[in-house]
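Undergrad: What follows is the file my_file_21.tsv, containing TSV, C-alpha atoms (C1' of nucleotides):
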```
chain	number	residue	atom	x	y	z
A	22	MET	CA	60.81	91.71	112.92
A	23	LYS	CA	64.29	90.80	111.89
A	24	PRO	CA	63.59	88.08	109.36
A	25	ALA	CA	60.53	89.83	107.95
A	26	ARG	CA	61.81	91.98	105.10
A	27	GLY	CA	59.18	91.67	102.39
A	28	ARG	CA	59.09	88.19	101.08
A	29	GLY	CA	62.80	87.86	101.73
A	30	ALA	CA	63.71	87.19	98.16
A	31	ALA	CA	63.12	90.75	97.06
A	32	HIS	CA	65.62	91.90	99.61
A	33	ASP	CA	68.43	89.80	98.22
A	34	GLU	CA	67.37	90.59	94.68
A	35	ARG	CA	67.62	94.33	95.17
A	36	ARG	CA	70.88	93.96	97.01
A	37	GLY	CA	72.25	91.89	94.15
A	38	ALA	CA	71.09	94.41	91.57
A	39	ILE	CA	73.02	97.16	93.32
A	40	LEU	CA	76.16	95.02	93.40
A	41	GLU	CA	75.71	94.30	89.70
A	42	ALA	CA	75.74	98.03	89.10
A	43	VAL	CA	79.01	98.27	91.01
A	44	PHE	CA	80.54	95.55	88.85
A	45	ALA	CA	79.40	97.23	85.66
A	46	ILE	CA	81.02	100.50	86.67
A	47	VAL	CA	84.24	98.89	87.83
A	48	ASP	CA	84.46	96.93	84.60
A	49	THR	CA	83.87	99.78	82.21
A	50	GLU	CA	85.12	102.86	84.05
A	51	GLY	CA	87.34	101.58	86.84
A	52	THR	CA	87.04	101.62	90.59
A	53	HIS	CA	87.60	105.37	90.69
A	54	GLN	CA	84.19	106.00	89.25
A	55	VAL	CA	82.36	104.05	91.93
A	56	SER	CA	80.33	106.46	94.04
A	57	ILE	CA	77.01	106.10	95.80
A	58	ARG	CA	75.32	108.41	93.34
A	59	ARG	CA	76.90	106.80	90.31
A	60	VAL	CA	75.93	103.33	91.50
A	61	ALA	CA	72.37	104.44	92.14
A	62	GLU	CA	72.16	105.92	88.66
A	63	GLN	CA	73.60	102.79	87.04
A	64	ALA	CA	71.15	100.56	88.93
A	65	GLY	CA	68.27	102.92	88.17
A	66	VAL	CA	67.38	103.42	91.83
A	67	SER	CA	67.56	106.25	94.32
A	68	VAL	CA	70.54	107.11	96.46
A	69	GLY	CA	68.40	106.37	99.49
A	70	ARG	CA	67.90	102.76	98.47
A	71	VAL	CA	71.61	102.18	98.00
A	72	GLN	CA	72.27	103.67	101.43
A	73	HIS	CA	69.60	101.51	102.95
A	74	TYR	CA	71.16	98.28	101.78
A	75	PHE	CA	74.74	99.46	102.23
A	76	PRO	CA	75.00	101.99	105.07
A	77	SER	CA	78.44	103.21	104.03
A	78	LYS	CA	80.54	103.17	100.92
A	79	ASP	CA	82.97	100.87	102.64
A	80	ASP	CA	80.15	98.41	103.29
A	81	LEU	CA	79.27	98.55	99.63
A	82	LEU	CA	82.82	97.90	98.45
A	83	THR	CA	83.39	95.15	100.98
A	84	ALA	CA	80.16	93.43	99.93
A	85	ALA	CA	81.17	93.72	96.29
A	86	PHE	CA	84.57	92.21	97.05
A	87	THR	CA	82.92	89.34	98.92
A	88	ALA	CA	80.45	88.73	96.11
A	89	ILE	CA	83.20	88.57	93.50
A	90	ASN	CA	85.22	86.24	95.68
A	91	ASP	CA	82.23	83.97	96.22
A	92	ARG	CA	81.42	83.95	92.54
A	93	GLY	CA	84.99	82.93	91.76
A	94	THR	CA	85.11	80.13	94.28
A	95	ALA	CA	81.67	78.92	93.18
A	96	ARG	CA	82.98	78.76	89.66
A	97	VAL	CA	85.90	76.68	90.85
A	98	GLN	CA	83.85	74.44	93.13
A	99	ALA	CA	81.54	73.63	90.25
A	100	ARG	CA	84.48	72.01	88.50
A	101	LEU	CA	85.65	69.81	91.34
A	102	SER	CA	83.52	66.86	90.25
A	103	GLU	CA	84.99	66.66	86.77
A	104	SER	CA	86.82	63.62	85.50
A	105	SER	CA	90.05	65.53	85.15
A	106	PRO	CA	89.71	67.97	88.04
A	107	ALA	CA	93.10	69.64	87.90
A	108	GLU	CA	92.89	70.62	84.27
A	109	ALA	CA	89.27	71.71	84.55
A	110	LEU	CA	90.05	73.74	87.63
A	111	LEU	CA	92.99	75.51	86.08
A	112	THR	CA	91.36	76.26	82.76
A	113	GLU	CA	88.52	77.73	84.76
A	114	LEU	CA	91.02	80.33	85.92
A	115	ILE	CA	91.45	81.60	82.35
A	116	PRO	CA	88.91	84.10	81.05
A	117	ALA	CA	87.44	82.88	77.78
A	118	THR	CA	84.13	84.57	77.10
A	119	ASP	CA	83.36	88.28	77.34
A	120	GLU	CA	81.44	87.54	80.51
A	121	ASP	CA	84.56	85.86	81.87
A	122	ARG	CA	86.63	88.87	80.97
A	123	ARG	CA	84.25	91.08	82.90
A	124	LEU	CA	84.43	88.87	85.96
A	125	PHE	CA	88.21	88.73	85.87
A	126	ARG	CA	88.70	92.42	85.27
A	127	VAL	CA	86.49	93.26	88.21
A	128	ALA	CA	88.21	90.63	90.33
A	129	GLN	CA	91.62	92.04	89.51
A	130	ALA	CA	90.46	95.54	90.36
A	131	PHE	CA	89.26	94.40	93.76
A	132	GLU	CA	92.38	92.35	94.31
A	133	THR	CA	94.48	95.45	93.77
A	134	HIS	CA	92.19	97.37	96.07
A	135	ALA	CA	92.56	94.67	98.70
A	136	LEU	CA	96.32	95.07	98.78
A	137	THR	CA	95.92	98.36	100.66
A	138	ASN	CA	93.19	97.10	103.00
A	139	PRO	CA	94.37	94.74	105.75
A	140	GLU	CA	91.04	93.00	106.25
A	141	LEU	CA	90.45	92.35	102.57
A	142	ALA	CA	94.09	91.38	102.12
A	143	GLY	CA	93.65	88.66	104.73
A	144	ARG	CA	90.59	87.26	103.04
A	145	LEU	CA	92.30	87.37	99.67
A	146	ARG	CA	95.26	85.44	100.98
A	147	GLN	CA	93.03	82.91	102.70
A	148	GLY	CA	91.10	82.31	99.48
A	149	TYR	CA	94.29	81.55	97.59
A	150	ASP	CA	95.52	79.33	100.41
A	151	GLU	CA	92.38	77.25	100.19
A	152	LEU	CA	92.77	76.95	96.46
A	153	ILE	CA	96.38	75.89	96.91
A	154	ALA	CA	95.29	73.25	99.42
A	155	VAL	CA	92.74	71.80	97.00
A	156	LEU	CA	95.25	71.76	94.18
A	157	THR	CA	97.95	70.23	96.33
A	158	ALA	CA	95.65	67.30	97.05
A	159	MET	CA	95.44	66.77	93.31
A	160	VAL	CA	98.88	67.39	91.93
A	161	GLY	CA	101.16	67.53	94.94
A	162	ASP	CA	104.00	70.02	95.19
A	163	ALA	CA	103.37	71.36	91.71
A	164	ALA	CA	100.23	73.08	92.98
A	165	LYS	CA	101.72	76.50	93.66
A	166	LYS	CA	103.59	76.49	90.40
A	167	LEU	CA	100.50	75.60	88.41
A	168	LEU	CA	98.35	78.15	90.19
A	169	ALA	CA	100.91	80.87	89.54
A	170	LEU	CA	101.07	79.83	85.91
A	171	ALA	CA	97.30	80.03	85.57
A	172	LEU	CA	97.15	83.43	87.28
A	173	GLY	CA	99.88	84.84	85.09
A	174	LEU	CA	98.22	83.51	81.97
A	175	ALA	CA	94.95	85.07	83.06
A	176	SER	CA	96.69	88.40	83.51
A	177	LEU	CA	98.33	88.25	80.08
A	178	THR	CA	95.00	87.30	78.57
A	179	LEU	CA	93.35	90.37	80.07
A	180	THR	CA	96.03	92.64	78.64
A	181	GLY	CA	95.55	91.08	75.22
A	182	ASN	CA	99.01	89.57	75.00
A	183	LEU	CA	97.56	86.08	74.87
A	184	THR	CA	94.39	84.64	73.41
A	185	PRO	CA	92.29	82.48	75.74
A	186	GLU	CA	93.09	79.51	73.51
A	187	GLU	CA	96.82	80.06	73.84
A	188	ALA	CA	96.50	80.46	77.58
A	189	ARG	CA	94.51	77.27	78.03
A	190	ALA	CA	96.88	75.32	75.84
A	191	ILE	CA	99.79	76.47	77.97
A	192	VAL	CA	97.97	75.48	81.15
A	193	ARG	CA	97.42	72.01	79.75
A	194	SER	CA	101.04	71.67	78.74
A	195	GLY	CA	102.03	72.70	82.25
A	196	ILE	CA	99.89	69.98	83.78
A	197	GLU	CA	101.17	67.29	81.45
A	198	LYS	CA	104.81	68.07	82.09
A	199	ARG	CA	104.43	67.95	85.81
A	200	GLY	CA	100.93	66.98	86.84
B	3	MET	CA	112.93	129.85	76.10
B	4	LYS	CA	111.82	126.28	75.86
B	5	PRO	CA	114.94	124.44	77.00
B	6	ALA	CA	115.77	127.02	79.65
B	7	ARG	CA	114.09	125.86	82.84
B	8	GLY	CA	116.44	126.65	85.69
B	9	ARG	CA	119.57	124.63	85.39
B	10	GLY	CA	117.47	121.88	83.84
B	11	ALA	CA	118.23	119.43	86.58
B	12	ALA	CA	116.06	121.17	89.13
B	13	HIS	CA	113.11	120.84	86.84
B	14	ASP	CA	113.38	117.08	86.55
B	15	GLU	CA	114.21	116.78	90.21
B	16	ARG	CA	111.05	118.55	91.30
B	17	ARG	CA	109.00	116.62	88.80
B	18	GLY	CA	110.43	113.39	90.11
B	19	ALA	CA	109.76	114.36	93.71
B	20	ILE	CA	106.09	114.87	92.89
B	21	LEU	CA	105.89	111.48	91.22
B	22	GLU	CA	107.55	109.93	94.25
B	23	ALA	CA	104.76	111.37	96.36
B	24	VAL	CA	102.23	109.75	94.05
B	25	PHE	CA	103.94	106.38	94.45
B	26	ALA	CA	104.02	106.69	98.22
B	27	ILE	CA	100.30	107.39	98.35
B	28	VAL	CA	99.40	104.61	95.92
B	29	ASP	CA	101.53	102.17	97.88
B	30	THR	CA	100.19	102.94	101.34
B	31	GLU	CA	96.67	104.21	100.75
B	32	GLY	CA	95.72	103.07	97.27
B	33	THR	CA	95.03	104.91	94.06
B	34	HIS	CA	91.76	106.27	95.43
B	35	GLN	CA	93.60	108.61	97.73
B	36	VAL	CA	95.58	110.25	94.97
B	37	SER	CA	94.42	113.85	94.56
B	38	ILE	CA	96.23	117.03	93.61
B	39	ARG	CA	96.00	118.36	97.13
B	40	ARG	CA	97.03	115.10	98.77
B	41	VAL	CA	100.01	114.73	96.46
B	42	ALA	CA	101.09	118.29	97.18
B	43	GLU	CA	100.86	117.66	100.90
B	44	GLN	CA	102.80	114.39	100.65
B	45	ALA	CA	105.53	116.05	98.60
B	46	GLY	CA	105.60	119.07	100.91
B	47	VAL	CA	104.92	121.54	98.13
B	48	SER	CA	102.08	123.81	97.11
B	49	VAL	CA	99.15	122.78	94.97
B	50	GLY	CA	100.28	125.38	92.47
B	51	ARG	CA	103.60	123.65	91.93
B	52	VAL	CA	101.97	120.31	91.27
B	53	GLN	CA	99.65	121.97	88.78
B	54	HIS	CA	102.55	123.66	87.10
B	55	TYR	CA	104.41	120.43	86.42
B	56	PHE	CA	101.28	118.38	85.70
B	57	PRO	CA	98.53	120.56	84.23
B	58	SER	CA	95.80	118.00	84.86
B	59	LYS	CA	95.31	115.02	87.10
B	60	ASP	CA	95.29	112.79	84.08
B	61	ASP	CA	98.71	114.13	83.10
B	62	LEU	CA	99.93	113.32	86.58
B	63	LEU	CA	98.64	109.77	86.55
B	64	THR	CA	99.85	109.11	83.02
B	65	ALA	CA	103.31	110.39	83.93
B	66	ALA	CA	103.32	108.18	87.01
B	67	PHE	CA	102.32	105.17	84.94
B	68	THR	CA	105.07	105.93	82.44
B	69	ALA	CA	107.65	106.37	85.18
B	70	ILE	CA	106.75	103.05	86.78
B	71	ASN	CA	106.88	101.31	83.41
B	72	ASP	CA	110.26	102.83	82.63
B	73	ARG	CA	111.60	101.86	86.03
B	74	GLY	CA	110.46	98.30	85.46
B	75	THR	CA	111.99	97.99	82.02
B	76	ALA	CA	115.19	99.62	83.22
B	77	ARG	CA	115.34	97.01	85.95
B	78	VAL	CA	114.97	94.30	83.37
B	79	GLN	CA	117.38	95.82	80.87
B	80	ALA	CA	120.04	96.04	83.54
B	81	ARG	CA	119.98	92.25	83.73
B	82	LEU	CA	120.34	91.53	80.06
B	83	SER	CA	124.14	91.37	80.19
B	84	GLU	CA	124.21	88.66	82.84
B	85	SER	CA	125.77	85.27	82.22
B	86	SER	CA	122.47	83.49	82.64
B	87	PRO	CA	120.12	86.13	81.26
B	88	ALA	CA	116.88	84.21	81.32
B	89	GLU	CA	117.03	83.28	84.97
B	90	ALA	CA	118.25	86.70	86.00
B	91	LEU	CA	115.53	88.34	83.97
B	92	LEU	CA	112.79	86.22	85.43
B	93	THR	CA	113.90	86.40	89.03
B	94	GLU	CA	113.99	90.16	88.54
B	95	LEU	CA	110.23	89.92	88.06
B	96	ILE	CA	109.80	88.66	91.62
B	97	PRO	CA	109.64	91.22	94.42
B	98	ALA	CA	112.20	90.40	97.08
B	99	THR	CA	112.98	93.48	99.16
B	100	ASP	CA	110.51	95.88	100.70
B	101	GLU	CA	111.49	98.39	98.05
B	102	ASP	CA	110.64	95.76	95.43
B	103	ARG	CA	107.28	95.18	97.05
B	104	ARG	CA	106.57	98.87	96.87
B	105	LEU	CA	107.47	99.02	93.19
B	106	PHE	CA	105.38	95.98	92.36
B	107	ARG	CA	102.35	97.07	94.35
B	108	VAL	CA	102.34	100.42	92.62
B	109	ALA	CA	102.90	98.76	89.25
B	110	GLN	CA	99.98	96.41	89.82
B	111	ALA	CA	97.75	99.30	90.81
B	112	PHE	CA	98.57	101.16	87.63
B	113	GLU	CA	98.21	98.01	85.56
B	114	THR	CA	94.69	97.59	86.88
B	115	HIS	CA	94.03	101.25	86.21
B	116	ALA	CA	95.33	100.81	82.66
B	117	LEU	CA	92.76	98.10	81.91
B	118	THR	CA	90.05	100.75	81.75
B	119	ASN	CA	92.10	103.28	79.80
B	120	PRO	CA	92.62	102.44	76.11
B	121	GLU	CA	95.81	104.43	75.68
B	122	LEU	CA	97.51	103.01	78.76
B	123	ALA	CA	96.22	99.55	77.91
B	124	GLY	CA	97.99	99.75	74.57
B	125	ARG	CA	101.26	100.73	76.16
B	126	LEU	CA	100.92	98.02	78.76
B	127	ARG	CA	100.37	95.39	76.11
B	128	GLN	CA	103.24	96.68	74.03
B	129	GLY	CA	105.57	96.53	77.01
B	130	TYR	CA	104.73	92.89	77.63
B	131	ASP	CA	105.08	92.10	73.93
B	132	GLU	CA	108.59	93.50	73.94
B	133	LEU	CA	109.44	91.47	76.99
B	134	ILE	CA	108.04	88.37	75.33
B	135	ALA	CA	110.16	89.06	72.26
B	136	VAL	CA	113.33	89.34	74.34
B	137	LEU	CA	112.51	86.18	76.23
B	138	THR	CA	111.64	84.27	73.07
B	139	ALA	CA	115.10	85.00	71.72
B	140	MET	CA	116.48	83.36	74.84
B	141	VAL	CA	114.30	80.36	75.51
B	142	GLY	CA	112.14	79.94	72.41
B	143	ASP	CA	108.51	78.98	72.61
B	144	ALA	CA	108.62	78.61	76.37
B	145	ALA	CA	108.86	82.40	76.70
B	146	LYS	CA	105.17	83.12	77.23
B	147	LYS	CA	104.82	80.28	79.67
B	148	LEU	CA	107.78	81.40	81.72
B	149	LEU	CA	106.67	85.02	81.74
B	150	ALA	CA	103.20	84.02	82.89
B	151	LEU	CA	104.72	81.87	85.60
B	152	ALA	CA	106.86	84.75	86.83
B	153	LEU	CA	103.93	87.16	86.81
B	154	GLY	CA	101.72	84.76	88.70
B	155	LEU	CA	104.42	84.12	91.25
B	156	ALA	CA	104.89	87.86	91.71
B	157	SER	CA	101.18	88.23	92.33
B	158	LEU	CA	101.10	85.42	94.89
B	159	THR	CA	104.13	86.94	96.57
B	160	LEU	CA	102.38	90.27	96.95
B	161	THR	CA	99.38	88.62	98.58
B	162	GLY	CA	101.64	86.81	101.00
B	163	ASN	CA	100.82	83.32	99.76
B	164	LEU	CA	104.43	82.78	98.73
B	165	THR	CA	107.74	83.97	100.10
B	166	PRO	CA	110.12	85.58	97.62
B	167	GLU	CA	112.46	82.63	98.12
B	168	GLU	CA	109.76	80.13	97.22
B	169	ALA	CA	108.80	82.16	94.18
B	170	ARG	CA	112.33	82.43	92.89
B	171	ALA	CA	112.95	78.74	93.44
B	172	ILE	CA	109.88	77.92	91.40
B	173	VAL	CA	110.98	80.23	88.60
B	174	ARG	CA	114.33	78.46	88.49
B	175	SER	CA	112.70	75.07	88.41
B	176	GLY	CA	110.52	76.25	85.54
B	177	ILE	CA	113.54	77.33	83.54
B	178	GLU	CA	115.44	74.11	84.16
B	179	LYS	CA	112.56	71.89	83.10
B	180	ARG	CA	112.08	73.70	79.87
B	181	GLY	CA	114.64	76.43	79.38
C	3	DG	C1'	121.60	146.35	83.87
C	4	DT	C1'	116.49	144.93	80.90
C	5	DC	C1'	113.07	141.86	79.96
C	6	DA	C1'	110.49	137.90	78.86
C	7	DA	C1'	109.85	133.37	80.32
C	8	DA	C1'	109.49	130.13	83.94
C	9	DT	C1'	108.06	129.15	88.45
C	10	DC	C1'	104.83	128.77	92.06
C	11	DA	C1'	101.83	130.30	96.07
C	12	DA	C1'	97.11	131.77	97.01
C	13	DT	C1'	92.50	131.78	96.28
C	14	DG	C1'	87.97	131.06	94.32
C	15	DC	C1'	84.53	128.39	91.63
C	16	DG	C1'	81.27	124.91	90.54
C	17	DA	C1'	80.63	120.15	90.91
C	18	DA	C1'	80.63	115.96	93.14
C	19	DC	C1'	81.52	113.54	97.17
C	20	DG	C1'	79.83	110.60	101.66
C	21	DT	C1'	76.73	110.97	105.08
C	22	DC	C1'	72.62	112.30	107.80
C	23	DT	C1'	67.85	113.41	108.64
C	24	DC	C1'	63.12	113.36	107.81
C	25	DG	C1'	58.88	111.74	106.27
C	26	DA	C1'	56.13	109.06	103.30
C	27	DA	C1'	54.90	104.64	101.37
C	28	DA	C1'	54.54	99.62	101.89
C	29	DA	C1'	53.97	95.45	104.07
C	30	DG	C1'	53.39	91.84	107.55
C	31	DA	C1'	51.57	90.73	112.36
C	32	DG	C1'	47.99	91.01	115.51
D	14	DC	C1'	41.05	97.27	110.73
D	15	DT	C1'	45.56	99.10	113.65
D	16	DC	C1'	50.24	99.25	114.52
D	17	DT	C1'	55.04	98.40	114.04
D	18	DT	C1'	58.77	97.66	111.08
D	19	DT	C1'	60.93	97.83	106.84
D	20	DT	C1'	61.78	100.28	102.85
D	21	DC	C1'	63.58	104.22	100.49
D	22	DG	C1'	62.95	108.83	98.06
D	23	DA	C1'	64.15	113.75	98.66
D	24	DG	C1'	66.93	116.98	100.32
D	25	DA	C1'	70.51	119.45	102.99
D	26	DC	C1'	75.16	119.47	105.36
D	27	DG	C1'	79.93	120.17	105.27
D	28	DT	C1'	83.98	118.53	102.82
D	29	DT	C1'	86.86	117.75	99.09
D	30	DC	C1'	87.55	117.48	94.43
D	31	DG	C1'	89.81	119.20	89.71
D	32	DC	C1'	90.69	123.21	87.61
D	33	DA	C1'	91.28	128.18	86.40
D	34	DT	C1'	92.85	132.72	87.61
D	35	DT	C1'	95.86	136.06	89.51
D	36	DG	C1'	99.89	138.07	90.87
D	37	DA	C1'	104.43	137.80	92.94
D	38	DT	C1'	108.95	136.03	92.57
D	39	DT	C1'	112.80	133.88	90.30
D	40	DT	C1'	115.64	132.92	86.43
D	41	DG	C1'	118.35	132.88	82.35
D	42	DA	C1'	119.16	135.29	77.85
D	43	DC	C1'	120.79	139.39	76.13
```
Spell out the structure here as structure tokens.

TA:
Amino acid sequence: MKPARGRGAAHDERRGAILEAVFAIVDTEGTHQVSIRRVAEQAGVSVGRVQHYFPSKDDLLTAAFTAINDRGTARVQARLSESSPAEALLTELIPATDEDRRLFRVAQAFETHALTNPELAGRLRQGYDELIAVLTAMVGDAAKKLLALALGLASLTLTGNLTPEEARAIVRSGIEKRG
Amino acid sequence: MKPARGRGAAHDERRGAILEAVFAIVDTEGTHQVSIRRVAEQAGVSVGRVQHYFPSKDDLLTAAFTAINDRGTARVQARLSESSPAEALLTELIPATDEDRRLFRVAQAFETHALTNPELAGRLRQGYDELIAVLTAMVGDAAKKLLALALGLASLTLTGNLTPEEARAIVRSGIEKRG
DNA sequence: GTCAAATCAATGCGAACGTCTCGAAAAGAG
DNA sequence: CTCTTTTCGAGACGTTCGCATTGATTTGAC
């Protein structure tokens, strides 16, 4: 019936593989190149399978946006038990490895996309609000300022104007001055 | 001959009108909706005219990117003669009016687009480097930090997590602490 | 005036697009 | 086993895309 679907795991696996293909395309070729056919080709599956798991292109893009958002918040949540939470949290917002760069580039692409989509815009804003709330509990009124600093540093790191090391050093200096 | 083109002014005027149509579409519907036909419709001209002024879609998008970049730097340059240049410069990086929001949304869209286009990426990086150089002459080593702060605040303003007033107040506080 | 260049509307082409339908596998329930 | 449901590959549909071509009109140089 409803909860049948194979063994259950295969379902999520195949869904995830399709979303991975979306991320790969967005990262290397930009959101413009995302099409059902192109995604199917990248994932090495048929168009029919993509349509089965994501009935419309909008469903596909929305799911991809959600997955990226979840991955980002998971990344942040994983740092909340650290000894120095604020610093760990903020440095986690700076892309360091190539894999990080991929995640951030894709995230930025979807964030831009979300600005012209009311539903996604709402979720985007809510995600940042939650992050601000968590940070405020740690560092008080400086939360928004530190978050903005980290976001700006991440952006300048993606463009190549800053190295990840520079960016993280600046984040740390920002916390020390006004933790 | 070459420099003939009507009275000269008409040429640039019509070119500019087409680019304005691109901006309007990017702002309200996103970069995905930009097509030759859609731009022509938005501008109220024929497809042929658009093709005449911009032989390929890539030419059109590159010209739009350049125009947005120039508009942004012009905005910044206009502030360089102020009494308190650093603050004026940085607050100029925060969108306040609806017109500002439009400019920044379009700029962010093109910036994201540039991340997957080597040529545009180079120009984007160079633009920020020049801005960093100007700021460094004003406030020293704090330049990168302040620029990142302003960029992050602009981003959070676009998402609606901050009001322009909040953002500008935070920029000012950042300059005072470590001008 | 002549004439070449610039301008631009109209139209067609091939490709790619999102979506739908149909039927065949595959798999779990009974 | 049978049967129902899920899975999904193959193909066609109508639309829209970027781009090229064609020819008419306008324009400035002379």

Undergrad: Go through chain D residue by residue and, counting all atoms listed in the file, keep those with an atom at most 9 Å from chain A; for each kept residue give the shortest atom pair and its distance in Å to one decimal, ordered by chain and increasing number, as JSON lines.

TA:
```
{"residue": "D:DT17", "atom": "C1'", "partner": "A:Met22", "partner_atom": "CA", "distance": 8.9}
{"residue": "D:DT18", "atom": "C1'", "partner": "A:Met22", "partner_atom": "CA", "distance": 6.6}
{"residue": "D:DT19", "atom": "C1'", "partner": "A:Arg26", "partner_atom": "CA", "distance": 6.2}
{"residue": "D:DT20", "atom": "C1'", "partner": "A:His73", "partner_atom": "CA", "distance": 7.9}
{"residue": "D:DC21", "atom": "C1'", "partner": "A:Arg70", "partner_atom": "CA", "distance": 5.0}
{"residue": "D:DG22", "atom": "C1'", "partner": "A:Gly69", "partner_atom": "CA", "distance": 6.1}
{"residue": "D:DA23", "atom": "C1'", "partner": "A:Gly69", "partner_atom": "CA", "distance": 8.6}
```

Undergrad: Could you give me, as a CSV table (one decimal) with C-alpha atoms, in the coordinates of the input, the residues within 12 Å of Ser194 in chain A, counting only C-alpha atoms (C1' of nucleotides) and dropping anything in the same chain fewer than 2 positions from it?

TA:
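Okay, this is what ended up in around.csv:
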```
chain,number,residue,atom,x,y,z
A,108,GLU,CA,92.9,70.6,84.3
A,111,LEU,CA,93.0,75.5,86.1
A,112,THR,CA,91.4,76.3,82.8
A,167,LEU,CA,100.5,75.6,88.4
A,170,LEU,CA,101.1,79.8,85.9
A,171,ALA,CA,97.3,80.0,85.6
A,187,GLU,CA,96.8,80.1,73.8
A,188,ALA,CA,96.5,80.5,77.6
A,189,ARG,CA,94.5,77.3,78.0
A,190,ALA,CA,96.9,75.3,75.8
A,191,ILE,CA,99.8,76.5,78.0
A,192,VAL,CA,98.0,75.5,81.2
A,196,ILE,CA,99.9,70.0,83.8
A,197,GLU,CA,101.2,67.3,81.4
A,198,LYS,CA,104.8,68.1,82.1
A,199,ARG,CA,104.4,68.0,85.8
A,200,GLY,CA,100.9,67.0,86.8
B,144,ALA,CA,108.6,78.6,76.4
B,147,LYS,CA,104.8,80.3,79.7
B,180,ARG,CA,112.1,73.7,79.9
```

Undergrad: With all atoms listed in the file as the counted atoms, please give the residues lying no more than 10 Å from DG27 in chain D, apart from itself and same-chain residues fewer than 2 positions off, as a PyMOL selection string.

TA: (chain C and resi 21) or (chain D and resi 25+29)

Undergrad: Select, from C:DC19, C:DA26, C:DC5, C:DG32, the residue with the minimum atom-to-atom distance to chain A, counting all atoms listed in the file.

TA: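 Answer, going by the shortest atom-to-atom distance: C:DC19.
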
Undergrad: Counting all atoms listed in the file, which of A:Ala164, A:Ala135, A:Ala99, A:Leu183 gets nearest to Asp131 in chain B?

TA: A:Leu183

Undergrad: Which neighbours of Asn182 in chain A fall inside 9 Å, counting all atoms listed in the file, when residues of the same chain fewer than 6 positions from it are skipped, and could you give them as a list in words?

TA: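 My list of contacting residues is Ser176 of chain A; Arg127, Gln128, Tyr130 and Asp131 of chain B.
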
Undergrad: Just how far from CA of Ala85 in chain A is CA of Glu140 in chain A, in Å to one decimal?

TA: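 Between CA of Glu140 in chain A and CA of Ala85 in chain A the gap is 14.0 Å.
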
Undergrad: List every residue of chain C that has an atom at most 10 Å from any atom of chain B, giving for each one its closest atom pair and the distance in Å to one decimal, counting only C-alpha atoms (C1' of nucleotides), sorted by chain and then by ascending residue number, as a Markdown table.

TA:
```
| residue | atom | partner | partner_atom | distance |
| --- | --- | --- | --- | --- |
| C:DA6 | C1' | B:Met3 | CA | 8.9 |
| C:DA7 | C1' | B:Met3 | CA | 6.3 |
| C:DA8 | C1' | B:Arg7 | CA | 6.4 |
| C:DT9 | C1' | B:Arg51 | CA | 7.9 |
| C:DC10 | C1' | B:Arg51 | CA | 5.3 |
| C:DA11 | C1' | B:Gly50 | CA | 6.3 |
| C:DA12 | C1' | B:Gly50 | CA | 8.5 |
```

Undergrad: Go through chain A and flag each residue having an atom no more than 8 Å from chain B; for those, report the closest pair of atoms plus their distance in Å to one decimal, using all atoms listed in the file, ordered by chain and rising number, as a Markdown table.

TA:
```
| residue | atom | partner | partner_atom | distance |
| --- | --- | --- | --- | --- |
| A:Asp48 | CA | B:Thr118 | CA | 7.3 |
| A:Thr49 | CA | B:Thr118 | CA | 6.3 |
| A:Glu50 | CA | B:Thr118 | CA | 5.8 |
| A:Gly51 | CA | B:Thr118 | CA | 5.8 |
| A:His53 | CA | B:His34 | CA | 6.4 |
| A:Arg126 | CA | B:Leu117 | CA | 7.7 |
| A:Gln129 | CA | B:Thr114 | CA | 6.9 |
| A:Ala130 | CA | B:Thr114 | CA | 5.8 |
| A:Thr133 | CA | B:Ala111 | CA | 5.9 |
| A:His134 | CA | B:Gly32 | CA | 6.8 |
| A:Leu136 | CA | B:Thr161 | CA | 7.1 |
| A:Thr137 | CA | B:Gly32 | CA | 5.8 |
| A:Ala142 | CA | B:Thr161 | CA | 6.9 |
| A:Leu145 | CA | B:Thr161 | CA | 7.3 |
| A:Arg146 | CA | B:Thr161 | CA | 5.7 |
| A:Tyr149 | CA | B:Asn163 | CA | 7.1 |
| A:Asp150 | CA | B:Asn163 | CA | 6.7 |
| A:Lys166 | CA | B:Ile172 | CA | 6.5 |
| A:Leu168 | CA | B:Gly154 | CA | 7.6 |
| A:Ala169 | CA | B:Gly154 | CA | 4.1 |
| A:Leu170 | CA | B:Leu151 | CA | 4.2 |
| A:Ala171 | CA | B:Gly154 | CA | 7.2 |
| A:Leu172 | CA | B:Gly154 | CA | 5.0 |
| A:Gly173 | CA | B:Gly154 | CA | 4.1 |
| A:Leu174 | CA | B:Ala150 | CA | 5.1 |
| A:Ser176 | CA | B:Ala150 | CA | 7.9 |
| A:Leu177 | CA | B:Ala150 | CA | 7.0 |
| A:Leu179 | CA | B:Leu117 | CA | 8.0 |
| A:Thr180 | CA | B:Arg127 | CA | 5.7 |
| A:Gly181 | CA | B:Arg127 | CA | 6.5 |
| A:Asn182 | CA | B:Arg127 | CA | 6.1 |
| A:Ile191 | CA | B:Lys147 | CA | 6.5 |
```

Undergrad: Would you pick out the contacts of Phe56 in chain B at 10 Å or less, using all atoms listed in the file, so that residues sharing its chain but fewer than 3 positions from it are not included, and give the list as an NGL selection string?

TA: :B and (17 or 20-21 or 38 or 50-53 or 59-65)

Undergrad: Could you tell me how far CA of Ala109 in chain A lies from CA of Arg123 in chain A, in Å and to one decimal?

TA: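 Between CA of Ala109 in chain A and CA of Arg123 in chain A the gap is 20.1 Å.
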
Undergrad: Grab the CA of Leu110 in chain A to CA of Val97 in chain A distance for me, in Å with one decimal place.

TA: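 Here the two named atoms are 6.0 Å from each other.
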